[in-house]
Amino acid sequence: MRCVGRNKWNALRRMERCNALRLLHPTSLFVSLCAMLISATAMAGVTQSVDEQTDLASWKMHDGNFELELTQLLPDQTRAFFLARGFSKEIANAIATACIMQTIGRNSAEQGVPGSIDVDLKQWRMLHDGAESPIKLKEQWDSEWSATEVSDAARLAFRWATFPTQQNFAHGDYGWGMSSFGLVPGERFDLKVVWSAAGVQKESWIRGIQCAEER
Amino acid sequence: MRQVTIQSMLLLLLSWSAAAFSGQLLTPYKGAQPAPDFELVDVDGDKHRLSDYRGKPLIINFWATWCPPCREEMPSMNRAWHKVKDDVSMLAINVGEDEDTIFIFSADYPIDFPVLLDQSGDVIKQWPVKGLPTTFVLDREGNIHYTAVGAREWDDDALLEIVKGL
């Protein structure tokens, strides 16, 4: 396949080379070293941050070799995504207002460290208003839609755009996708994350996650 | 003198980091199993059968244009293709989208190796894929040797040496 945009592509490659040279400057290297050391000391626990540009919050958990990051998605972002994939307005809106988070899971083990990370979302629990419940899985969404409501193409997009219910991460692997918590915009909840590292089950709580509000 | 020492330390650290990262590239697949065959058309309408690609190592990438890590790794895949196209074949299998969508995508992310269309999702169902992107590395006989879940820097020389050796 021959594509347009070659000039832009070449310009991008030149930029990449220049950026690489800048990174080799001793000052840049020293700053990178400090950043690596700081990130290494912040290995355990949960950190929360807010993106300055989007004003959306993220919660990042790092426990052993497992990293998990949840980032708010605006209902409008989610709505637009699923409308563009062929969902009706009603269903796109139902998904968009069900507390969708961009979710990234990663096995951060270094080479040679044995053991993979296994994640099964069926084991995760959320705590909201004092009640513990499972999170809403992609299979549950799919079973709610009749064949006439949602086309095969839209189902396919939903399936692959959402975080896998079960996933195995070898070292260096990471997976991403949307996960849904079934709460209305603005609600807060705690999430119990469960995973296995080298066959040993672990769990950790992420407290005070907030679903993005409508803007 | 002090600056030289700092520079040496930092370069040492950099080379250590590069070594550490170059190793975390591919995951050996359980016992090198035969890959499920398929026949798909590419964006130009030409048919491709997996079995036609025997004789060279093959990288197969399952992806979609709306998938952020797929977008992240596609430029390095294209660079890899230009580095090793005489020794290694590459296929990108798009899941669920049409030619027009891919054509628009390719304006910003040129892809010079074949992009096949799995619009129905029937092929991806046959492969051990849980999320996008997932990439498989096959040997010359069509057996899966390695997988990679999530984006990689595919033009990494260490990675490509591993692939060329299959």
# chains A, B, ... in the order shown; residues from 1 in each chain; ligands from 1
>>> residues_around(residues="B:Asp42", least_positions_apart="3", cutoff="6 Å", atoms="only C-alpha atoms", output="list in words")
Gly45, Asp46, Val115, Leu116 and Leu117 of chain B
>>> write_last_selection(atoms="N, CA and C atoms", output="compact mmCIF listing (two decimals), in the first residue's frame")
# COMPACT_ATOMS: atom_id res chain seq x y z
N GLY B 45 -7.77 -5.24 -2.23
CA GLY B 45 -8.63 -6.32 -2.71
C GLY B 45 -7.90 -7.60 -3.06
N ASP B 46 -6.60 -7.65 -2.88
CA ASP B 46 -5.84 -8.87 -3.20
C ASP B 46 -5.93 -9.89 -2.06
N VAL B 115 -1.79 -4.71 4.54
CA VAL B 115 -2.80 -4.57 5.60
C VAL B 115 -4.01 -5.39 5.17
N LEU B 116 -4.33 -6.41 5.94
CA LEU B 116 -5.45 -7.30 5.62
C LEU B 116 -6.66 -6.91 6.44
N LEU B 117 -7.85 -7.21 5.90
CA LEU B 117 -9.09 -6.80 6.56
C LEU B 117 -9.80 -8.01 7.16
>>> interface_residues(of="chain B", to="chain A", cutoff="8 Å", atoms="only C-alpha atoms", output="NGL selection string")
:B and (6-7 or 10 or 20-21 or 23-27 or 43-44 or 67 or 96 or 103 or 106-115 or 119-121 or 130-132 or 148-151)
>>> residues_around(residues="B:Arg140", least_positions_apart="2", cutoff="8 Å", atoms="only C-alpha atoms", output="VMD selection string")
chain B and resid 53 to 58 138 142 to 143 166
>>> residues_around(residues="B:Val137", least_positions_apart="3", cutoff="7 Å", atoms="only C-alpha atoms", output="PyMOL selection string")
chain B and resi 58-60+144-147
>>> write_last_selection(atoms="C-alpha atoms", output="JSON list (two decimals), in the first residue's frame")
[["chain", "number", "residue", "atom", "x", "y", "z"],
["B", 58, "LEU", "CA", 6.55, -13.65, 9.59],
["B", 59, "ILE", "CA", 5.33, -10.92, 11.94],
["B", 60, "ILE", "CA", 1.53, -10.69, 12.21],
["B", 144, "ILE", "CA", 4.04, -19.31, 16.39],
["B", 145, "HIS", "CA", 7.29, -18.73, 18.30],
["B", 146, "TYR", "CA", 6.71, -15.43, 20.10],
["B", 147, "THR", "CA", 3.90, -13.10, 21.09]]
>>> select_by_dssp(residues="stretch 47-212 of chain A", states="strand (DSSP E or B)", output="ChimeraX atom specification")
/A:47-50,57-63,66-72,100-107,117-120,125-128,131-134,136,162,166-169,174-180,188-197,200-210
>>> select_by_dssp(residues="chain B", states="helix (DSSP H, G or I)", output="PyMOL selection string")
chain B and resi 2-23+50-53+68-84+99-108+122-126+157-164
>>> write_last_selection(atoms="C-alpha atoms", output="mmCIF file, in the first residue's frame")
data_model
loop_
_atom_site.group_PDB
_atom_site.id
_atom_site.type_symbol
_atom_site.label_atom_id
_atom_site.label_comp_id
_atom_site.auth_asym_id
_atom_site.auth_seq_id
_atom_site.Cartn_x
_atom_site.Cartn_y
_atom_site.Cartn_z
ATOM 1 C CA ARG B 2 33.920 15.571 37.337
ATOM 2 C CA GLN B 3 31.861 16.182 34.201
ATOM 3 C CA VAL B 4 33.573 13.264 32.447
ATOM 4 C CA THR B 5 32.777 11.008 35.411
ATOM 5 C CA ILE B 6 29.117 12.067 35.445
ATOM 6 C CA GLN B 7 28.907 11.570 31.687
ATOM 7 C CA SER B 8 30.500 8.127 31.966
ATOM 8 C CA MET B 9 28.076 7.142 34.729
ATOM 9 C CA LEU B 10 25.109 8.374 32.774
ATOM 10 C CA LEU B 11 26.203 6.647 29.586
ATOM 11 C CA LEU B 12 26.706 3.463 31.570
ATOM 12 C CA LEU B 13 23.215 3.850 32.975
ATOM 13 C CA LEU B 14 21.841 4.524 29.518
ATOM 14 C CA SER B 15 23.484 1.444 28.042
ATOM 15 C CA TRP B 16 22.251 -0.616 31.009
ATOM 16 C CA SER B 17 18.730 0.703 30.416
ATOM 17 C CA ALA B 18 18.934 -0.049 26.705
ATOM 18 C CA ALA B 19 20.059 -3.596 27.459
ATOM 19 C CA ALA B 20 17.287 -4.046 29.983
ATOM 20 C CA PHE B 21 14.639 -2.769 27.597
ATOM 21 C CA SER B 22 15.916 -4.633 24.539
ATOM 22 C CA GLY B 23 15.443 -7.896 26.412
ATOM 23 C CA LEU B 50 -1.204 -17.411 5.640
ATOM 24 C CA SER B 51 0.254 -20.582 4.126
ATOM 25 C CA ASP B 52 1.570 -18.519 1.191
ATOM 26 C CA TYR B 53 4.018 -16.874 3.590
ATOM 27 C CA PRO B 68 -3.929 4.012 20.993
ATOM 28 C CA PRO B 69 -1.070 1.517 21.452
ATOM 29 C CA CYS B 70 -1.669 0.231 17.899
ATOM 30 C CA ARG B 71 -1.132 3.768 16.648
ATOM 31 C CA GLU B 72 1.913 4.091 18.859
ATOM 32 C CA GLU B 73 3.695 1.059 17.436
ATOM 33 C CA MET B 74 2.713 1.309 13.768
ATOM 34 C CA PRO B 75 5.527 3.738 12.792
ATOM 35 C CA SER B 76 8.157 1.408 14.264
ATOM 36 C CA MET B 77 6.538 -1.525 12.442
ATOM 37 C CA ASN B 78 6.846 0.331 9.190
ATOM 38 C CA ARG B 79 10.483 1.173 9.893
ATOM 39 C CA ALA B 80 11.096 -2.493 10.742
ATOM 40 C CA TRP B 81 9.557 -3.519 7.443
ATOM 41 C CA HIS B 82 11.994 -1.327 5.534
ATOM 42 C CA LYS B 83 14.910 -2.746 7.530
ATOM 43 C CA VAL B 84 14.163 -6.458 7.054
ATOM 44 C CA GLU B 99 -10.604 0.237 3.494
ATOM 45 C CA ASP B 100 -11.648 3.893 3.725
ATOM 46 C CA THR B 101 -10.945 4.079 7.451
ATOM 47 C CA ILE B 102 -7.517 2.548 6.958
ATOM 48 C CA PHE B 103 -6.773 4.818 4.009
ATOM 49 C CA ILE B 104 -7.482 7.900 6.130
ATOM 50 C CA PHE B 105 -5.364 6.468 8.960
ATOM 51 C CA SER B 106 -2.462 5.817 6.595
ATOM 52 C CA ALA B 107 -2.216 9.503 5.721
ATOM 53 C CA ASP B 108 -0.742 10.067 9.177
ATOM 54 C CA ASP B 122 -13.742 -14.377 12.209
ATOM 55 C CA VAL B 123 -9.963 -14.666 11.904
ATOM 56 C CA ILE B 124 -9.033 -12.985 15.176
ATOM 57 C CA LYS B 125 -11.407 -15.412 16.939
ATOM 58 C CA GLN B 126 -9.208 -18.308 15.759
ATOM 59 C CA ASP B 157 17.841 -4.361 16.037
ATOM 60 C CA ALA B 158 17.986 -6.934 18.839
ATOM 61 C CA LEU B 159 14.345 -7.836 18.280
ATOM 62 C CA LEU B 160 14.750 -8.101 14.525
ATOM 63 C CA GLU B 161 17.783 -10.356 14.902
ATOM 64 C CA ILE B 162 15.640 -12.747 16.949
ATOM 65 C CA VAL B 163 12.969 -12.732 14.239
ATOM 66 C CA LYS B 164 15.441 -13.216 11.397
#
